[in-house]
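Just work30.csv here, CSV, C-alpha atoms and all ligand atoms:
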```
chain,number,residue,atom,x,y,z
A,1,MET,CA,-10.0,-26.2,26.2
A,2,THR,CA,-11.3,-24.0,23.4
A,3,GLU,CA,-12.8,-26.1,20.5
A,4,LEU,CA,-10.7,-25.6,17.4
A,5,ALA,CA,-13.7,-24.7,15.3
A,6,LYS,CA,-14.6,-21.9,17.8
A,7,ILE,CA,-11.2,-20.2,17.8
A,8,PRO,CA,-11.9,-16.8,16.4
A,9,LEU,CA,-10.1,-15.6,13.3
A,10,ALA,CA,-9.5,-12.1,12.2
A,11,GLY,CA,-7.1,-10.5,9.7
A,12,VAL,CA,-6.1,-7.5,7.6
A,13,MET,CA,-7.1,-7.3,4.0
A,14,GLY,CA,-4.8,-5.2,1.8
A,15,HIS,CA,-3.1,-5.1,-1.6
A,16,PRO,CA,-0.2,-5.1,-0.7
A,17,VAL,CA,-0.4,-6.2,2.9
A,18,ALA,CA,3.1,-7.5,3.8
A,19,HIS,CA,4.1,-4.2,5.3
A,20,SER,CA,1.2,-4.3,7.8
A,21,LYS,CA,2.2,-4.3,11.5
A,22,SER,CA,-1.3,-5.4,12.6
A,23,PRO,CA,-0.5,-9.1,12.7
A,24,GLN,CA,2.3,-8.5,15.2
A,25,LEU,CA,0.1,-6.2,17.2
A,26,PHE,CA,-2.8,-8.6,17.4
A,27,ARG,CA,-0.5,-11.5,18.3
A,28,HIS,CA,1.0,-9.5,21.1
A,29,TRP,CA,-2.5,-8.7,22.5
A,30,LEU,CA,-3.8,-12.2,22.1
A,31,ASP,CA,-0.8,-13.6,23.9
A,32,SER,CA,-0.6,-11.0,26.6
A,33,ASN,CA,-4.3,-11.5,27.4
A,34,GLY,CA,-4.1,-15.3,27.2
A,35,LEU,CA,-6.7,-15.5,24.5
A,36,ALA,CA,-7.1,-18.1,21.8
A,37,GLY,CA,-7.4,-16.6,18.3
A,38,HIS,CA,-5.5,-15.8,15.1
A,39,TYR,CA,-5.0,-12.7,13.1
A,40,VAL,CA,-3.6,-13.1,9.6
A,41,PRO,CA,-2.5,-10.9,6.7
A,42,LEU,CA,-4.7,-11.4,3.7
A,43,HIS,CA,-3.3,-10.3,0.3
A,44,VAL,CA,-6.5,-9.6,-1.6
A,45,SER,CA,-6.6,-7.9,-5.0
A,46,PRO,CA,-9.5,-5.5,-5.7
A,47,ASP,CA,-11.0,-8.0,-8.1
A,48,ALA,CA,-11.2,-10.7,-5.4
A,49,PHE,CA,-12.2,-8.4,-2.6
A,50,GLU,CA,-16.0,-8.9,-2.5
A,51,THR,CA,-15.8,-12.7,-3.0
A,52,THR,CA,-13.2,-13.0,-0.3
A,53,LEU,CA,-15.1,-10.8,2.1
A,54,ARG,CA,-18.4,-12.7,1.7
A,55,ALA,CA,-16.6,-16.1,2.2
A,56,MET,CA,-14.9,-15.0,5.5
A,57,PRO,CA,-17.7,-15.4,8.0
A,58,GLY,CA,-18.3,-19.0,6.9
A,59,MET,CA,-14.6,-19.7,7.4
A,60,GLY,CA,-14.6,-18.7,11.1
A,61,PHE,CA,-13.7,-15.0,10.7
A,62,VAL,CA,-15.3,-12.7,13.2
A,63,GLY,CA,-14.0,-9.5,11.6
A,64,ALA,CA,-11.3,-7.9,9.6
A,65,ASN,CA,-9.3,-4.7,9.2
A,66,VAL,CA,-9.2,-3.3,5.7
A,67,THR,CA,-6.5,-1.1,4.3
A,68,ILE,CA,-5.5,0.4,1.0
A,69,PRO,CA,-7.1,0.0,-1.6
A,70,HIS,CA,-10.2,-1.6,0.0
A,71,LYS,CA,-11.4,1.1,2.5
A,72,GLN,CA,-14.1,2.6,0.3
A,73,ARG,CA,-15.3,-0.6,-1.2
A,74,ALA,CA,-15.6,-2.2,2.2
A,75,MET,CA,-18.0,0.6,3.2
A,76,GLU,CA,-20.1,0.1,0.1
A,77,LEU,CA,-20.4,-3.6,0.7
A,78,ALA,CA,-21.3,-3.3,4.4
A,79,ASP,CA,-24.9,-3.8,5.7
A,80,HIS,CA,-24.4,-1.3,8.5
A,81,VAL,CA,-22.0,1.7,8.5
A,82,THR,CA,-21.3,3.8,11.6
A,83,GLU,CA,-21.8,7.5,11.3
A,84,ARG,CA,-18.1,8.3,11.7
A,85,ALA,CA,-17.2,5.9,8.9
A,86,THR,CA,-19.9,7.5,6.7
A,87,ARG,CA,-18.5,11.0,7.4
A,88,ILE,CA,-14.9,9.8,6.8
A,89,GLY,CA,-16.0,8.1,3.6
A,90,ALA,CA,-14.1,4.9,4.3
A,91,ALA,CA,-14.1,1.8,6.6
A,92,ASN,CA,-11.1,0.2,8.3
A,93,THR,CA,-12.8,-2.2,10.8
A,94,LEU,CA,-15.4,-4.8,9.8
A,95,THR,CA,-17.3,-7.0,12.1
A,96,PHE,CA,-19.2,-10.1,10.9
A,97,GLN,CA,-22.4,-10.5,12.7
A,98,GLN,CA,-24.1,-13.8,13.7
A,99,ASN,CA,-26.6,-13.4,10.8
A,100,GLY,CA,-23.8,-12.9,8.3
A,101,GLU,CA,-24.3,-9.1,8.0
A,102,ILE,CA,-21.2,-6.9,7.8
A,103,HIS,CA,-20.8,-3.9,10.2
A,104,ALA,CA,-18.3,-1.3,9.1
A,105,ASP,CA,-16.6,1.3,11.2
A,106,ASN,CA,-13.7,3.7,10.9
A,107,THR,CA,-11.4,3.8,13.9
A,108,ASP,CA,-8.6,5.9,12.4
A,109,GLY,CA,-9.9,9.2,13.9
A,110,PHE,CA,-10.4,7.5,17.2
A,111,GLY,CA,-6.8,6.2,17.1
A,112,PHE,CA,-5.5,9.6,16.1
A,113,LEU,CA,-7.3,11.4,19.0
A,114,GLU,CA,-6.6,8.8,21.6
A,115,ASN,CA,-2.9,8.9,20.7
A,116,LEU,CA,-2.9,12.7,21.3
A,117,ARG,CA,-5.0,12.4,24.5
A,118,GLN,CA,-2.7,9.8,26.0
A,119,ASN,CA,0.6,11.3,25.0
A,120,ALA,CA,-0.2,15.1,25.2
A,121,PRO,CA,-2.7,15.1,28.1
A,122,HIS,CA,-2.4,18.9,28.5
A,123,TRP,CA,-3.7,19.5,24.9
A,124,ARG,CA,-7.2,21.0,24.9
A,125,PRO,CA,-8.9,20.6,21.5
A,126,GLU,CA,-11.1,23.6,22.2
A,127,GLY,CA,-8.0,25.7,23.1
A,128,GLY,CA,-7.3,27.0,19.6
A,129,ALA,CA,-6.6,26.3,15.9
A,130,ALA,CA,-5.0,23.2,14.4
A,131,VAL,CA,-2.8,23.4,11.4
A,132,VAL,CA,-3.2,20.3,9.3
A,133,LEU,CA,-0.9,19.3,6.4
A,134,GLY,CA,-2.4,17.0,3.8
A,135,ALA,CA,-5.8,16.2,2.3
A,136,GLY,CA,-5.6,12.5,1.6
A,137,GLY,CA,-7.5,9.6,3.1
A,138,ALA,CA,-5.9,9.9,6.5
A,139,ALA,CA,-6.6,13.6,6.6
A,140,ARG,CA,-10.3,13.0,6.4
A,141,ALA,CA,-10.3,10.9,9.5
A,142,VAL,CA,-8.1,13.4,11.3
A,143,LEU,CA,-10.4,16.3,10.4
A,144,VAL,CA,-13.6,14.5,11.5
A,145,SER,CA,-12.0,13.6,14.8
A,146,LEU,CA,-10.7,17.2,15.4
A,147,LEU,CA,-14.0,18.7,14.7
A,148,ASP,CA,-15.8,16.2,16.9
A,149,ALA,CA,-13.4,16.9,19.7
A,150,GLY,CA,-14.2,20.6,19.5
A,151,VAL,CA,-11.3,22.2,17.7
A,152,PRO,CA,-12.8,25.5,16.7
A,153,ARG,CA,-10.7,26.2,13.6
A,154,ILE,CA,-8.6,24.1,11.3
A,155,ILE,CA,-6.0,25.6,8.9
A,156,LEU,CA,-5.6,23.1,6.1
A,157,ALA,CA,-2.9,23.1,3.4
A,158,ASN,CA,-2.3,20.5,0.7
A,159,ARG,CA,0.0,20.4,-2.3
A,160,THR,CA,-3.0,19.9,-4.5
A,161,ARG,CA,-5.2,22.7,-3.2
A,162,SER,CA,-8.4,21.4,-4.8
A,163,ARG,CA,-8.4,18.3,-2.5
A,164,ALA,CA,-8.3,20.6,0.5
A,165,ASP,CA,-11.0,22.7,-0.9
A,166,ASP,CA,-13.2,19.6,-1.4
A,167,LEU,CA,-12.6,18.7,2.3
A,168,ALA,CA,-13.6,22.2,3.4
A,169,GLN,CA,-16.7,21.9,1.3
A,170,SER,CA,-17.6,18.6,3.0
A,171,PHE,CA,-16.8,19.5,6.6
A,172,GLY,CA,-17.8,23.2,6.8
A,173,PRO,CA,-16.6,26.6,7.7
A,174,ALA,CA,-14.3,25.6,10.6
A,175,ILE,CA,-11.9,24.5,7.9
A,176,GLU,CA,-9.9,27.3,6.4
A,177,VAL,CA,-7.9,26.3,3.3
A,178,ILE,CA,-4.6,28.0,2.6
A,179,ASP,CA,-2.0,27.5,-0.2
A,180,TRP,CA,0.8,25.1,0.5
A,181,ALA,CA,3.2,28.0,-0.2
A,182,ASP,CA,1.7,29.9,2.8
A,183,LEU,CA,2.0,27.1,5.3
A,184,ALA,CA,5.3,28.3,6.9
A,185,GLU,CA,3.6,31.6,7.7
A,186,ALA,CA,0.5,29.9,9.2
A,187,LEU,CA,2.5,27.4,11.4
A,188,PRO,CA,2.7,29.6,14.5
A,189,GLU,CA,-1.1,29.9,14.6
A,190,GLY,CA,-1.7,26.2,15.5
A,191,VAL,CA,-2.1,25.1,19.1
A,192,SER,CA,-1.5,21.7,17.3
A,193,VAL,CA,0.3,21.0,14.1
A,194,ILE,CA,-0.5,17.7,12.4
A,195,ASN,CA,1.2,16.1,9.4
A,196,THR,CA,-1.1,13.7,7.5
A,197,THR,CA,1.0,13.7,4.3
A,198,SER,CA,3.4,10.9,3.5
A,199,LEU,CA,6.3,13.5,3.5
A,200,GLY,CA,9.1,12.4,5.7
A,201,MET,CA,8.2,8.7,5.5
A,202,SER,CA,11.1,6.3,4.6
A,203,GLY,CA,11.3,6.0,0.9
A,204,LYS,CA,9.1,9.0,0.2
A,205,ALA,CA,10.0,12.7,-0.4
A,206,PRO,CA,11.3,14.6,2.6
A,207,LEU,CA,9.3,17.4,4.2
A,208,THR,CA,11.2,20.5,3.1
A,209,LEU,CA,9.0,23.1,4.7
A,210,ASP,CA,10.4,26.1,6.6
A,211,LEU,CA,9.7,25.1,10.2
A,212,SER,CA,11.1,28.1,11.9
A,213,GLY,CA,7.6,29.2,13.0
A,214,LEU,CA,7.2,26.3,15.4
A,215,HIS,CA,7.2,27.3,19.1
A,216,LYS,CA,7.1,25.8,22.5
A,217,ASP,CA,3.4,26.2,23.1
A,218,GLN,CA,2.5,23.7,20.4
A,219,VAL,CA,1.7,20.0,20.2
A,220,VAL,CA,3.1,18.6,17.0
A,221,THR,CA,2.3,15.1,15.7
A,222,ASP,CA,3.1,13.2,12.6
A,223,LEU,CA,1.0,10.3,11.2
A,224,VAL,CA,4.2,9.0,9.6
A,225,TYR,CA,5.7,6.4,12.0
A,226,SER,CA,8.5,5.1,9.9
A,227,PRO,CA,10.9,6.6,11.0
A,228,LEU,CA,9.5,7.1,14.4
A,229,GLU,CA,11.2,10.4,14.8
A,230,THR,CA,10.5,12.2,11.6
A,231,ASP,CA,12.3,15.4,10.5
A,232,LEU,CA,9.2,17.3,11.5
A,233,LEU,CA,9.2,15.9,15.0
A,234,ARG,CA,12.9,16.4,15.4
A,235,ALA,CA,12.6,20.1,14.4
A,236,ALA,CA,9.5,20.5,16.7
A,237,SER,CA,11.4,19.0,19.7
A,238,LYS,CA,14.3,21.4,19.0
A,239,ALA,CA,11.8,24.3,19.0
A,240,GLY,CA,10.5,23.1,22.4
A,241,CYS,CA,7.2,21.7,21.1
A,242,HIS,CA,5.5,18.8,22.7
A,243,THR,CA,5.8,16.0,20.1
A,244,VAL,CA,3.7,12.8,19.6
A,245,ASP,CA,4.8,10.2,17.1
A,246,GLY,CA,2.5,8.3,14.7
A,247,LEU,CA,2.9,4.8,16.1
A,248,GLY,CA,0.3,5.4,18.8
A,249,MET,CA,-2.4,6.1,16.3
A,250,LEU,CA,-1.7,2.8,14.6
A,251,LEU,CA,-2.0,1.0,18.0
A,252,TYR,CA,-5.1,2.8,19.3
A,253,GLN,CA,-7.0,2.5,16.0
A,254,ALA,CA,-6.8,-1.3,16.5
A,255,VAL,CA,-8.3,-1.3,20.0
A,256,PRO,CA,-12.1,-1.2,19.1
A,257,GLY,CA,-11.6,-4.1,16.6
A,258,PHE,CA,-9.7,-6.3,19.0
A,259,GLU,CA,-12.4,-5.6,21.7
A,260,ARG,CA,-15.3,-6.5,19.4
A,261,TRP,CA,-13.7,-9.6,17.9
A,262,PHE,CA,-11.9,-11.1,20.9
A,263,GLY,CA,-14.0,-9.7,23.8
A,264,VAL,CA,-11.3,-8.0,25.8
A,265,THR,CA,-10.2,-4.3,25.7
A,266,PRO,CA,-6.5,-4.4,25.0
A,267,VAL,CA,-4.1,-1.9,26.6
A,268,VAL,CA,-1.5,0.1,24.8
A,269,THR,CA,1.8,-0.1,26.8
A,270,PRO,CA,5.5,0.4,26.1
A,271,GLN,CA,5.6,-3.4,25.5
A,272,THR,CA,2.9,-3.0,22.8
A,273,ARG,CA,5.1,-0.5,21.0
A,274,LYS,CA,8.1,-2.9,21.4
A,275,ALA,CA,6.2,-5.8,20.0
A,276,VAL,CA,5.2,-3.9,16.9
A,277,LEU,CA,8.6,-2.4,16.3
A,278,ALA,CA,10.4,-5.8,16.8
B,301,LIG,P1,-2.9,9.5,0.6
B,301,LIG,O1,-4.4,9.4,0.6
B,301,LIG,O2,-2.2,9.0,-0.6
B,301,LIG,O3,-2.5,11.1,0.8
B,301,LIG,C1,-1.2,11.5,0.7
B,301,LIG,C2,-1.0,12.9,1.1
B,301,LIG,O4,0.4,13.3,1.1
B,301,LIG,C3,-1.8,13.9,0.2
B,301,LIG,O5,-2.2,15.0,1.0
B,301,LIG,C4,-0.6,14.3,-0.8
B,301,LIG,O6,-0.8,15.6,-1.4
B,301,LIG,C5,0.5,14.4,0.2
B,301,LIG,N1,1.8,14.3,-0.5
B,301,LIG,C6,2.3,13.2,-1.1
B,301,LIG,N2,3.5,13.5,-1.7
B,301,LIG,C7,3.7,14.8,-1.5
B,301,LIG,C8,4.7,15.7,-1.9
B,301,LIG,N3,5.8,15.3,-2.6
B,301,LIG,N4,4.6,17.0,-1.5
B,301,LIG,C9,3.5,17.5,-0.8
B,301,LIG,N5,2.5,16.6,-0.4
B,301,LIG,C10,2.6,15.3,-0.8
B,301,LIG,O7,-2.3,8.8,1.9
B,301,LIG,P2,-3.0,8.6,3.3
B,301,LIG,O8,-3.6,7.3,3.4
B,301,LIG,O9,-3.7,9.9,3.6
B,301,LIG,O10,-1.6,8.5,4.2
B,301,LIG,C11,-0.8,9.6,4.4
B,301,LIG,C12,0.3,9.2,5.4
B,301,LIG,O11,-0.2,8.9,6.7
B,301,LIG,C13,1.1,8.0,5.0
B,301,LIG,O12,2.5,8.2,5.3
B,301,LIG,C14,0.5,6.9,5.9
B,301,LIG,O13,1.5,5.8,6.2
B,301,LIG,C15,0.2,7.7,7.2
B,301,LIG,N6,-0.8,7.1,8.0
B,301,LIG,C16,-0.5,6.7,9.3
B,301,LIG,C17,-1.5,6.2,10.1
B,301,LIG,C18,-1.1,5.9,11.5
B,301,LIG,O14,-1.9,5.0,12.1
B,301,LIG,N7,-0.1,6.5,12.1
B,301,LIG,C19,-2.8,6.0,9.6
B,301,LIG,C20,-3.1,6.3,8.3
B,301,LIG,C21,-2.1,6.9,7.5
B,301,LIG,P3,-1.6,15.6,-2.8
B,301,LIG,O15,-3.0,15.6,-2.5
B,301,LIG,O16,-1.1,16.9,-3.4
B,301,LIG,O17,-1.1,14.4,-3.6
```

The structure in this file should be written as structure tokens.
Ligand code: NAP
Amino acid sequence: MTELAKIPLAGVMGHPVAHSKSPQLFRHWLDSNGLAGHYVPLHVSPDAFETTLRAMPGMGFVGANVTIPHKQRAMELADHVTERATRIGAANTLTFQQNGEIHADNTDGFGFLENLRQNAPHWRPEGGAAVVLGAGGAARAVLVSLLDAGVPRIILANRTRSRADDLAQSFGPAIEVIDWADLAEALPEGVSVINTTSLGMSGKAPLTLDLSGLHKDQVVTDLVYSPLETDLLRAASKAGCHTVDGLGMLLYQAVPGFERWFGVTPVVTPQTRKAVLA
């Protein structure tokens, strides 16, 4: 039997954190792999973040996910930061090493890409442009992963254009910024179309864009997963596009953390989706 003191703990630190689906996801993977372990939601205010983080290894935590508003601070406090987290400018997966040091990674881009690879296997990143809506935190991870995957050109539009311009400045000439008002016209150019804004999410503003430019040769994905079928995905399906919902990104981004903390590579299955949606 596993010694109680050795049962690994992990969790998600956020403010707020009650909405997080990660505890259900990790419980499902721990149970389905027959592993001892616990994964808990940790409601931590920005003031308490550093103290809490530094106390966790001594309490038996092997790692933690971090979400809004701690993603940048987590990276600053870490002893080692992966290259992809540095480029994204935020961390979402922390691992506490034996010597107490904190290793920080960002797996959002990995989760985004893996979701597309698994659910749109015919999509070839190098096959043409991507049209990306939004220039917030999630967009940074999406842009880095698209560039790393070999997407040759990214057409980027954001309501606040200056934020998109900043991203183009950081990530180079493959990113072509257009005005939000010109988005409808640019839509047909994308081999993939990706919504990284919160438009269309339950409780947020709807996406009111003219979507008549969508066509059947496109892969369309939405980072919003509540609702699962957003207005964008519904319109894209009607236009004959291949659609991929945002839940898979949430599931795949958690794979590297689970693997590091609990020693088993978890598999994303229809049951995993069910467990998280329950
Ligand atoms: P964020 O940093 O706050 O960025 C929000 C983005 O939405 C910005 O581009 C913002 O444009 C845009 N936006 C908000 N309201 C708008 C409006 N009324 N009209 C036009 N644009 C608007 O948020 P985030 O962390 O990037 O997250 C964005 C979405 O992705 C959220 O819905 C989040 O739940 C989802 N997400 C999903 C996953 C997943 O695993 N599936 C992972 C991360 C995030 P401005 O710059 O003009 O404000």

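Close contacts of Leu143 (chain A), defined as residues with an atom at most 9 Å away when counting only C-alpha atoms, with chain neighbours fewer than 3 positions off set aside, comprise Ile88, Gly109, Val132, Ala138, Ala139, Arg140, Leu146, Leu147, Asp148, Ile154, Leu167, Phe171 and Ile175 of chain A.
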
With the cut-off set at 7 Å and counting all atoms listed in the file, tabulate each residue of chain A with an atom at most that distance from an atom of ligand LIG 301 (chain B), showing the nearest atom pair and its distance in Å to one decimal, ordered by chain and increasing number, as a tab-separated table.
```
residue	atom	partner	partner_atom	distance
A:Asp108	CA	B:LIG301	C19	6.4
A:Gly134	CA	B:LIG301	O5	3.4
A:Ala135	CA	B:LIG301	O5	4.0
A:Gly136	CA	B:LIG301	O1	3.5
A:Gly137	CA	B:LIG301	O9	3.8
A:Ala138	CA	B:LIG301	O9	3.6
A:Ala139	CA	B:LIG301	O9	5.6
A:Asn158	CA	B:LIG301	O5	5.5
A:Arg159	CA	B:LIG301	O16	3.8
A:Thr160	CA	B:LIG301	O16	3.7
A:Arg163	CA	B:LIG301	O15	6.0
A:Thr196	CA	B:LIG301	O11	4.9
A:Thr197	CA	B:LIG301	O4	3.3
A:Ser198	CA	B:LIG301	O12	3.4
A:Leu199	CA	B:LIG301	C7	5.8
A:Met201	CA	B:LIG301	O12	5.7
A:Ala205	CA	B:LIG301	N3	5.4
A:Leu223	CA	B:LIG301	N7	4.1
A:Val224	CA	B:LIG301	O12	4.7
A:Tyr225	CA	B:LIG301	N7	5.8
A:Gly246	CA	B:LIG301	N7	4.1
A:Leu247	CA	B:LIG301	N7	5.3
A:Gly248	CA	B:LIG301	N7	6.8
A:Met249	CA	B:LIG301	O14	4.4
A:Leu250	CA	B:LIG301	O14	3.3
A:Gln253	CA	B:LIG301	O14	6.9
```

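In terms of minimum interatomic distance to Ile178 (chain A), A:Ile155 ranks closest within A:Gly200, A:Pro206, A:Arg87, A:Ile155, counting all atoms listed in the file.
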
Need the shell around Val17 (chain A): protein/DNA/RNA residues with any atom at most 6 Å away, counting all atoms listed in the file. Skip same-chain ones fewer than 3 positions apart. Format as a PDB file with C-alpha atoms, keeping the file's coordinate frame?
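This is the output file out14.pdb:
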```pdb
ATOM      1  CA  GLY A  14      -4.800  -5.200   1.800  1.00  0.00           C
ATOM      2  CA  SER A  20       1.200  -4.300   7.800  1.00  0.00           C
ATOM      3  CA  HIS A  43      -3.300 -10.300   0.300  1.00  0.00           C
TER       4      HIS A  43
END
```

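Residue nearest Val151 (chain A) within the list A:Phe96, A:Phe61, A:Tyr39, A:Trp123: A:Trp123 [criterion: smallest interatomic distance, all atoms listed in the file].
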
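When all atoms listed in the file are used to measure the gap to Pro8 (chain A), the shortest distance among A:Leu53, A:Leu35, A:Val62, A:Ala278 belongs to A:Val62.
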
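For Thr82 (chain A), the set of protein, DNA and RNA residues having any atom at most 8 Å away, when counting only C-alpha atoms and skipping those fewer than 4 positions along the same chain, is Thr86, His103, Ala104, Asp105 and Asn106 of chain A.
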
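If only C-alpha atoms are the atoms counted, then among A:Pro41, A:Leu94, A:Phe110, A:Asn119 the closest residue to Val255 (chain A) is A:Phe110.
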
Given only C-alpha atoms as the counted atoms, nearest of A:Leu187, A:Val131, A:Val219, A:Ala10 to Arg117 (chain A): A:Val219

Contacts of Phe262 (chain A) within 12 Å, all atoms listed in the file, excl. fewer than 6 positions in-chain, as a PyMOL selection string: chain A and resi 6-10+26-27+29-31+33-39+61-64+95+254-256

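Relative to CA of Ala90 (chain A), CA of Leu133 (chain A) is found at 19.6 Å.
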
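Here CA of Cys241 (chain A) is placed at a distance of 4.3 Å from CA of Lys216 (chain A).
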
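Look at Val44 (chain A): the protein and nucleic acid residues within 9 Å of it, using all atoms listed in the file and passing over chain neighbours fewer than 2 places away, are A:Met13, A:Gly14, A:His15, A:Pro16, A:Val17, A:Leu42, A:Pro46, A:Asp47, A:Ala48, A:Phe49, A:Thr52, A:His70.
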
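Minimum distance to Pro266 (chain A) across A:Asn115, A:His19, A:Leu25, A:Ile68 (counting all atoms listed in the file) occurs at A:Leu25.
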
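Of note, CA of Ala18 (chain A) and CA of Gly60 (chain A) are spaced 22.2 Å apart.
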